[in-house]
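Student: The file below is target.txt, compact mmCIF, C-alpha atoms:
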# COMPACT_ATOMS: atom_id res chain seq x y z
CA ARG A 4 -45.07 30.58 -24.31
CA ASP A 5 -42.48 31.54 -26.90
CA ASN A 6 -44.57 34.57 -27.82
CA LEU A 7 -44.46 36.08 -24.33
CA VAL A 8 -43.01 39.57 -24.19
CA LEU A 9 -40.53 40.67 -21.55
CA GLU A 10 -43.16 42.63 -19.61
CA ASP A 11 -45.10 39.39 -18.96
CA ARG A 12 -42.16 37.82 -17.12
CA ASP A 13 -41.89 37.80 -13.35
CA VAL A 14 -38.19 38.65 -13.26
CA ARG A 15 -38.16 38.95 -9.46
CA ASN A 16 -38.78 35.22 -9.16
CA GLU A 17 -36.40 34.05 -11.86
CA PRO A 18 -33.05 32.55 -10.89
CA PRO A 19 -30.15 35.03 -11.05
CA ASP A 20 -28.09 35.30 -14.20
CA PRO A 21 -25.06 33.01 -13.56
CA SER A 22 -22.59 35.68 -14.74
CA GLU A 23 -24.04 38.23 -12.29
CA ALA A 24 -23.94 35.70 -9.45
CA ALA A 25 -20.29 34.90 -10.27
CA LYS A 26 -19.38 38.62 -10.20
CA ALA A 27 -21.08 39.08 -6.83
CA ALA A 28 -19.34 36.03 -5.37
CA LYS A 29 -15.98 37.28 -6.66
CA ALA A 30 -16.18 40.70 -4.96
CA VAL A 31 -13.13 41.33 -2.80
CA VAL A 32 -13.20 43.88 0.01
CA ALA A 33 -10.34 43.87 2.48
CA GLU A 34 -9.33 46.17 5.29
CA SER A 35 -5.79 46.58 3.99
CA VAL A 36 -3.84 46.38 0.75
CA VAL A 37 -0.10 46.19 0.14
CA LEU A 38 1.55 48.01 -2.76
CA ARG A 39 4.87 46.36 -3.53
CA THR A 40 6.86 49.00 -5.44
CA THR A 41 10.31 49.21 -6.97
CA MET A 42 11.26 51.32 -3.93
CA GLY A 43 9.71 49.18 -1.19
CA ASP A 44 6.35 48.17 0.25
CA ILE A 45 3.48 50.48 1.20
CA HIS A 46 0.79 49.13 3.53
CA LEU A 47 -2.60 50.79 3.22
CA LYS A 48 -5.33 50.64 5.86
CA LEU A 49 -8.71 51.00 4.14
CA PHE A 50 -12.03 52.39 5.37
CA PRO A 51 -14.61 49.97 3.91
CA LYS A 52 -17.31 50.91 6.42
CA ASP A 53 -17.14 54.58 5.40
CA THR A 54 -16.41 54.13 1.68
CA PRO A 55 -17.60 50.63 0.69
CA LYS A 56 -17.84 51.13 -3.06
CA THR A 57 -14.44 52.82 -3.33
CA CYS A 58 -12.80 50.09 -1.23
CA GLU A 59 -14.49 47.37 -3.28
CA ASN A 60 -13.19 48.95 -6.49
CA PHE A 61 -9.66 49.34 -5.10
CA CYS A 62 -9.48 45.86 -3.55
CA GLN A 63 -10.90 44.13 -6.62
CA HIS A 64 -8.43 45.93 -8.88
CA ALA A 65 -5.61 44.90 -6.52
CA ALA A 66 -6.79 41.27 -6.39
CA ASP A 67 -7.16 41.14 -10.18
CA GLY A 68 -3.63 42.48 -10.81
CA TYR A 69 -4.92 45.67 -12.44
CA TYR A 70 -2.33 47.86 -10.66
CA ASP A 71 0.60 45.48 -11.23
CA GLY A 72 3.22 47.10 -13.45
CA LEU A 73 1.72 50.60 -13.36
CA ILE A 74 3.97 53.59 -12.81
CA PHE A 75 3.71 56.50 -10.42
CA HIS A 76 2.97 58.94 -13.23
CA ARG A 77 2.72 62.08 -11.10
CA VAL A 78 4.87 63.16 -8.15
CA ILE A 79 4.37 66.69 -6.88
CA LYS A 80 6.98 67.50 -4.25
CA GLY A 81 5.45 68.46 -0.92
CA PHE A 82 1.94 67.55 -2.12
CA MET A 83 1.23 64.03 -3.43
CA LEU A 84 2.12 60.93 -5.49
CA GLN A 85 -0.34 59.44 -7.97
CA THR A 86 -0.71 56.08 -9.73
CA GLY A 87 -3.42 53.73 -10.96
CA ASP A 88 -3.49 54.75 -14.63
CA PRO A 89 -2.78 51.98 -17.16
CA LYS A 90 -1.94 54.63 -19.78
CA GLY A 91 0.68 56.10 -17.45
CA ASP A 92 -0.16 59.70 -18.27
CA GLY A 93 -3.06 60.55 -15.95
CA THR A 94 -5.79 60.21 -18.59
CA GLY A 95 -6.70 56.53 -18.29
CA GLY A 96 -8.19 53.92 -16.04
CA THR A 97 -11.63 52.65 -15.25
CA SER A 98 -13.52 51.20 -12.34
CA ILE A 99 -14.31 47.51 -11.91
CA TRP A 100 -17.81 48.34 -13.19
CA GLY A 101 -16.48 49.72 -16.49
CA SER A 102 -17.54 53.32 -15.91
CA ASP A 103 -17.05 56.15 -13.44
CA PHE A 104 -18.63 55.80 -10.01
CA GLN A 105 -20.00 58.18 -7.39
CA ASP A 106 -17.92 60.01 -4.80
CA GLU A 107 -18.20 58.79 -1.21
CA ILE A 108 -17.47 62.01 0.68
CA VAL A 109 -17.46 61.43 4.44
CA PRO A 110 -17.25 64.59 6.61
CA HIS A 111 -15.00 63.08 9.30
CA LEU A 112 -12.42 61.90 6.71
CA THR A 113 -10.29 64.88 5.73
CA HIS A 114 -7.10 65.63 3.84
CA ASP A 115 -5.58 66.89 7.10
CA ARG A 116 -2.22 65.10 7.18
CA PRO A 117 0.39 63.26 5.13
CA PHE A 118 -0.27 59.65 4.10
CA VAL A 119 -4.00 60.09 3.35
CA LEU A 120 -5.15 57.75 0.54
CA SER A 121 -7.65 59.37 -1.81
CA MET A 122 -9.21 58.85 -5.24
CA ALA A 123 -8.03 60.99 -8.14
CA ASN A 124 -10.80 62.29 -10.36
CA ALA A 125 -11.68 64.72 -13.13
CA GLY A 126 -14.55 66.33 -11.22
CA PRO A 127 -17.52 65.17 -9.18
CA ASN A 128 -18.43 61.48 -9.46
CA THR A 129 -15.69 60.57 -11.95
CA ASN A 130 -13.84 57.93 -9.91
CA GLY A 131 -12.13 55.18 -11.88
CA SER A 132 -8.85 53.53 -10.90
CA GLN A 133 -6.41 56.36 -10.17
CA PHE A 134 -5.51 57.23 -6.60
CA PHE A 135 -3.02 59.36 -4.72
CA VAL A 136 -1.22 59.55 -1.38
CA LEU A 137 -0.77 62.94 0.27
CA LEU A 138 2.68 64.11 1.32
CA ALA A 139 1.27 67.05 3.33
CA PRO A 140 -2.13 68.35 4.49
CA ALA A 141 -4.34 69.53 1.60
CA PRO A 142 -7.65 70.78 3.09
CA TRP A 143 -8.75 72.33 -0.23
CA LEU A 144 -9.36 68.76 -1.47
CA ASP A 145 -12.00 68.05 1.21
CA GLY A 146 -15.40 67.42 -0.32
CA LYS A 147 -13.87 66.93 -3.78
CA HIS A 148 -12.00 63.61 -3.49
CA THR A 149 -13.03 60.38 -1.77
CA ILE A 150 -10.70 59.46 1.09
CA PHE A 151 -10.72 55.69 1.47
CA GLY A 152 -7.65 54.88 3.55
CA ARG A 153 -4.28 55.85 5.00
CA VAL A 154 -0.72 54.59 4.77
CA CYS A 155 -0.11 52.56 7.94
CA ALA A 156 3.42 51.29 7.14
CA GLY A 157 5.99 52.08 4.49
CA MET A 158 6.30 55.79 5.23
CA GLY A 159 9.99 55.53 4.31
CA THR A 160 8.98 54.17 0.90
CA ILE A 161 6.59 57.11 0.44
CA LYS A 162 9.46 59.49 1.32
CA LYS A 163 11.75 57.80 -1.25
CA LEU A 164 9.01 57.97 -3.90
CA SER A 165 8.45 61.65 -3.16
CA MET A 166 12.11 62.47 -3.85
CA VAL A 167 12.39 61.07 -7.39
CA ALA A 168 13.56 63.48 -10.07
CA CYS A 169 10.67 64.87 -12.16
CA ASP A 170 10.24 67.02 -15.23
CA ALA A 171 8.45 70.39 -15.30
CA ASN A 172 5.07 68.57 -15.49
CA ASP A 173 5.71 66.54 -12.29
CA ARG A 174 6.28 63.35 -14.29
CA PRO A 175 9.10 61.20 -12.87
CA LEU A 176 12.08 60.93 -15.21
CA ASP A 177 12.57 57.29 -14.15
CA PRO A 178 9.08 56.39 -12.88
CA PRO A 179 8.83 54.07 -9.89
CA THR A 180 6.51 51.12 -10.50
CA VAL A 181 3.89 49.16 -8.59
CA LEU A 182 5.27 45.65 -8.97
CA ARG A 183 2.30 44.01 -7.25
CA ALA A 184 -0.77 45.17 -5.35
CA TYR A 185 -2.73 42.73 -3.23
CA PRO A 186 -5.21 42.63 -0.36
CA SER A 187 -3.08 41.79 2.69
CA ASP A 188 -5.24 38.78 3.52
CA SER A 189 -4.94 37.42 -0.01
CA PRO A 190 -3.81 33.79 -0.35
CA ASN A 191 -1.89 34.90 -3.48
CA LYS A 192 0.27 37.50 -1.75
CA PRO A 193 3.99 37.28 -2.50
CA GLN A 194 6.14 35.81 0.27
CA THR A 195 9.44 37.58 -0.42
CA LEU A 196 10.28 41.10 -1.50
CA GLY A 197 12.30 40.01 -4.54
CA ILE A 198 13.48 43.48 -5.63
Show me, as C-alpha cells, the structure contained in the file I just sent.

Tutor:
Amino acid sequence: RDNLVLEDRDVRNEPPDPSEAAKAAKAVVAESVVLRTTMGDIHLKLFPKDTPKTCENFCQHAADGYYDGLIFHRVIKGFMLQTGDPKGDGTGGTSIWGSDFQDEIVPHLTHDRPFVLSMANAGPNTNGSQFFVLLAPAPWLDGKHTIFGRVCAGMGTIKKLSMVACDANDRPLDPPTVLRAYPSDSPNKPQTLGI
C-alpha cells in the first residue's frame, strides 16, 4: 500500500483535509459591515446575493481585523475615498485567498450615485483588499469595478472624510484611519465609539 501513487487514490471518497474544512467553517458573510473611523462610523449594506465572493472577501477581512488601523490613502474631492491597503500607498493588499480574484460585474449595479461601495483594482480580475466609496456618480467605472454594497448610514462621516486636506497626489496630509471594521452581526463588535 505504501507504494501506491497518487493517481490510484480515490480522492473523492477521502475525508476532507482538516485545514480546508476549518477554512470553510470560518467563512464569514454578512449583509452589513461597520467601519469605525477616526471621523465617525460608516455603515455599509452589502450585496452578497449579487457579489458573493467579493462580500465573502470583504466580510472575512473585516472579521479578521485586516482593515483595522489602515488609512484612507486616497481622497479625490468630488469623486471618491479609498482604503484597504496595508501599505498605505495604493500598491498593496491581497484577498483572503492570497491572490487576486475575479470581478463580479452585475449589470443592475451601477456607479450611478454617491455612496456606492466598489472594489479598487489594477485592471480586470485583480481584486484584492482595496475598496472605495463614491462621492458622486461615476458611470465610466461601470463594467470595470465590482460594486458590492452601499453606504446606508454615516453619510456625514463620508462628507467629513471627503473634506480632508490632501497633497497634489490626492493623499491626505493627516490620513483618517479605520479604527475597526466588523460585520454588524459580529459578537466581537465594539459597544462604544471610544474616539

Student: For Gly93 of chain A, which residue out of A:Asp145, A:Ala123, A:Arg116, A:Lys56 is the nearest one, using all atoms listed in the file?

Tutor: A:Ala123

Student: With all atoms listed in the file as the counted atoms, please give the residues lying no more than 6 Å from Leu182 of chain A, apart from itself and same-chain residues fewer than 2 positions off, as a PyMOL selection string.

Tutor: chain A and resi 39-40+71-72+180

Student: Provide the atom CA of Asp88 of chain A to atom CA of Gly131 of chain A distance in Å, to one decimal place.

Tutor: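 Atom-to-atom, atom CA of Asp88 of chain A to atom CA of Gly131 of chain A, that is 9.1 Å.
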
Student: Identify which of the residues A:Ala168, A:Ala65, A:Cys58, A:Ile150 lies closest to Val37 of chain A, counting all atoms listed in the file when measuring atom-to-atom distances.

Tutor: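 Nearest candidate to Val37 of chain A out of A:Ala168, A:Ala65, A:Cys58, A:Ile150: A:Ala65.
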
Student: What is the distance, in Å and to one decimal place, between atom CA of Lys162 of chain A and atom CA of Val136 of chain A?

Tutor: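 For atom CA of Lys162 of chain A relative to atom CA of Val136 of chain A, the distance reads 11.0 Å.
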
Student: State, in Å with one decimal place, the distance from atom CA of Met42 of chain A to atom CA of Leu112 of chain A.

Tutor: 28.0 Å

Student: Quick one: residues within 8 Å of Arg77 of chain A, all atoms listed in the file counted, chain neighbours fewer than 4 positions away excluded, as a PyMOL selection string?

Tutor: chain A and resi 84-86+93+173-175

Student: What's the 8 Å shell around segment 96-100 of chain A, counting all atoms listed in the file, without same-chain residues fewer than 6 positions away, as a PyMOL selection string?

Tutor: chain A and resi 60+63-64+87-90+130-133

Student: Could the residues in this selection be written to a file with C-alpha atoms, as an mmCIF file, in the coordinates of the input?

Tutor:
data_model
loop_
_atom_site.group_PDB
_atom_site.id
_atom_site.type_symbol
_atom_site.label_atom_id
_atom_site.label_comp_id
_atom_site.auth_asym_id
_atom_site.auth_seq_id
_atom_site.Cartn_x
_atom_site.Cartn_y
_atom_site.Cartn_z
ATOM 1 C CA ASN A 60 -13.190 48.950 -6.490
ATOM 2 C CA GLN A 63 -10.900 44.130 -6.620
ATOM 3 C CA HIS A 64 -8.430 45.930 -8.880
ATOM 4 C CA GLY A 87 -3.420 53.730 -10.960
ATOM 5 C CA ASP A 88 -3.490 54.750 -14.630
ATOM 6 C CA PRO A 89 -2.780 51.980 -17.160
ATOM 7 C CA LYS A 90 -1.940 54.630 -19.780
ATOM 8 C CA ASN A 130 -13.840 57.930 -9.910
ATOM 9 C CA GLY A 131 -12.130 55.180 -11.880
ATOM 10 C CA SER A 132 -8.850 53.530 -10.900
ATOM 11 C CA GLN A 133 -6.410 56.360 -10.170
#

Student: May I have the residues within 8 Å of His46 of chain A as JSON, numbers by chain, using only C-alpha atoms and disregarding those fewer than 5 positions away in the same chain?

Tutor: {"A": [35, 36, 37, 38, 154, 155, 156, 157]}

Student: Pick out the closest residue to Leu49 of chain A from this set: A:Phe104, A:Phe61, A:Tyr70, A:Phe75. Count all atoms listed in the file.

Tutor: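 Closest to Leu49 of chain A of all the choices is A:Phe61.
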
Student: Determine the nearest neighbour of Pro55 of chain A from the options A:Thr113, A:Ser102, A:Thr94, A:Thr149, counting only C-alpha atoms.

Tutor: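 Of the candidates, the smallest distance to Pro55 of chain A is held by A:Thr149.
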
Student: For Phe82 of chain A, which of A:Pro51, A:Pro140, A:Pro178, A:Gly159 is the closest residue, counting all atoms listed in the file?

Tutor: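 Distance minimum relative to Phe82 of chain A lands on A:Pro140.
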
Student: Given the choices A:Met83, A:Val32, A:Leu73, A:Leu137, which gets closest to Val181 of chain A if the distance is worked out from all atoms listed in the file?

Tutor: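 Of A:Met83, A:Val32, A:Leu73, A:Leu137, the one nearest Val181 of chain A, counting all atoms listed in the file, is A:Leu73.
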
Student: For the point (-11.3, 68.5, -2.1) in the file's frame, write as a PyMOL selection string all residues with an atom no more than 12 Å away, counting all atoms listed in the file.

Tutor: chain A and resi 106-110+112-115+121-127+140-150

Student: For segment 42-51 of chain A, take all atoms listed in the file, fit an axis-aligned box around them, add 6 Å to each of the six sides, then output centre and edge lengths in Å rounded to one decimal, as AutoDock Vina command-line options.

Tutor:
--center_x -1.7 --center_y 50.3 --center_z 1.0 --size_x 37.9 --size_y 16.2 --size_z 21.8

Student: Save segment 90-113 of chain A to a file: N, CA and C atoms, as a CSV table (one decimal), in the first residue's frame.

Tutor:
chain,number,residue,atom,x,y,z
A,90,LYS,N,-0.2,48.7,2.9
A,90,LYS,CA,1.0,49.5,2.7
A,90,LYS,C,0.7,51.0,2.8
A,91,GLY,N,-0.6,51.4,2.6
A,91,GLY,CA,-1.0,52.8,2.8
A,91,GLY,C,-0.7,53.6,1.6
A,92,ASP,N,-0.3,53.0,0.5
A,92,ASP,CA,0.1,53.9,-0.7
A,92,ASP,C,-0.6,53.5,-2.0
A,93,GLY,N,-1.6,52.6,-1.9
A,93,GLY,CA,-2.4,52.1,-3.1
A,93,GLY,C,-1.8,51.0,-3.8
A,94,THR,N,-0.6,50.4,-3.4
A,94,THR,CA,0.0,49.4,-4.1
A,94,THR,C,-0.1,48.0,-3.4
A,95,GLY,N,-0.7,47.9,-2.3
A,95,GLY,CA,-0.7,46.7,-1.5
A,95,GLY,C,-2.0,46.1,-1.3
A,96,GLY,N,-2.0,45.0,-0.6
A,96,GLY,CA,-3.3,44.3,-0.2
A,96,GLY,C,-3.5,43.0,-1.0
A,97,THR,N,-4.1,42.1,-0.4
A,97,THR,CA,-4.4,40.8,-1.0
A,97,THR,C,-5.8,40.3,-0.6
A,98,SER,N,-6.3,39.4,-1.3
A,98,SER,CA,-7.6,38.8,-0.9
A,98,SER,C,-7.4,37.8,0.2
A,99,ILE,N,-8.5,37.3,0.7
A,99,ILE,CA,-8.4,36.2,1.8
A,99,ILE,C,-7.9,34.9,1.2
A,100,TRP,N,-7.9,34.8,-0.1
A,100,TRP,CA,-7.3,33.6,-0.8
A,100,TRP,C,-5.9,33.7,-1.1
A,101,GLY,N,-5.3,34.9,-0.9
A,101,GLY,CA,-3.8,35.1,-1.1
A,101,GLY,C,-3.5,35.5,-2.5
A,102,SER,N,-4.4,35.6,-3.4
A,102,SER,CA,-4.2,36.1,-4.7
A,102,SER,C,-5.4,36.9,-5.2
A,103,ASP,N,-5.2,37.6,-6.4
A,103,ASP,CA,-6.3,38.3,-6.9
A,103,ASP,C,-7.5,37.4,-7.2
A,104,PHE,N,-8.7,38.0,-7.2
A,104,PHE,CA,-9.9,37.2,-7.6
A,104,PHE,C,-10.7,37.9,-8.7
A,105,GLN,N,-11.6,37.2,-9.3
A,105,GLN,CA,-12.4,37.6,-10.4
A,105,GLN,C,-13.4,38.7,-10.1
A,106,ASP,N,-13.6,39.6,-11.1
A,106,ASP,CA,-14.6,40.6,-11.0
A,106,ASP,C,-16.0,39.9,-10.9
A,107,GLU,N,-16.9,40.6,-10.2
A,107,GLU,CA,-18.3,40.1,-10.2
A,107,GLU,C,-19.2,41.3,-10.7
A,108,ILE,N,-19.1,41.5,-12.0
A,108,ILE,CA,-19.8,42.7,-12.6
A,108,ILE,C,-21.3,42.3,-12.8
A,109,VAL,N,-22.2,43.1,-12.2
A,109,VAL,CA,-23.6,42.8,-12.2
A,109,VAL,C,-24.3,44.0,-12.9
A,110,PRO,N,-25.0,43.8,-14.1
A,110,PRO,CA,-25.5,44.9,-14.9
A,110,PRO,C,-26.4,45.9,-14.1
A,111,HIS,N,-27.2,45.4,-13.2
A,111,HIS,CA,-28.1,46.3,-12.5
A,111,HIS,C,-27.5,47.1,-11.3
A,112,LEU,N,-26.2,46.8,-11.0
A,112,LEU,CA,-25.5,47.6,-10.0
A,112,LEU,C,-24.5,48.5,-10.8
A,113,THR,N,-24.8,49.8,-10.6
A,113,THR,CA,-24.1,50.8,-11.4
A,113,THR,C,-23.5,51.9,-10.4
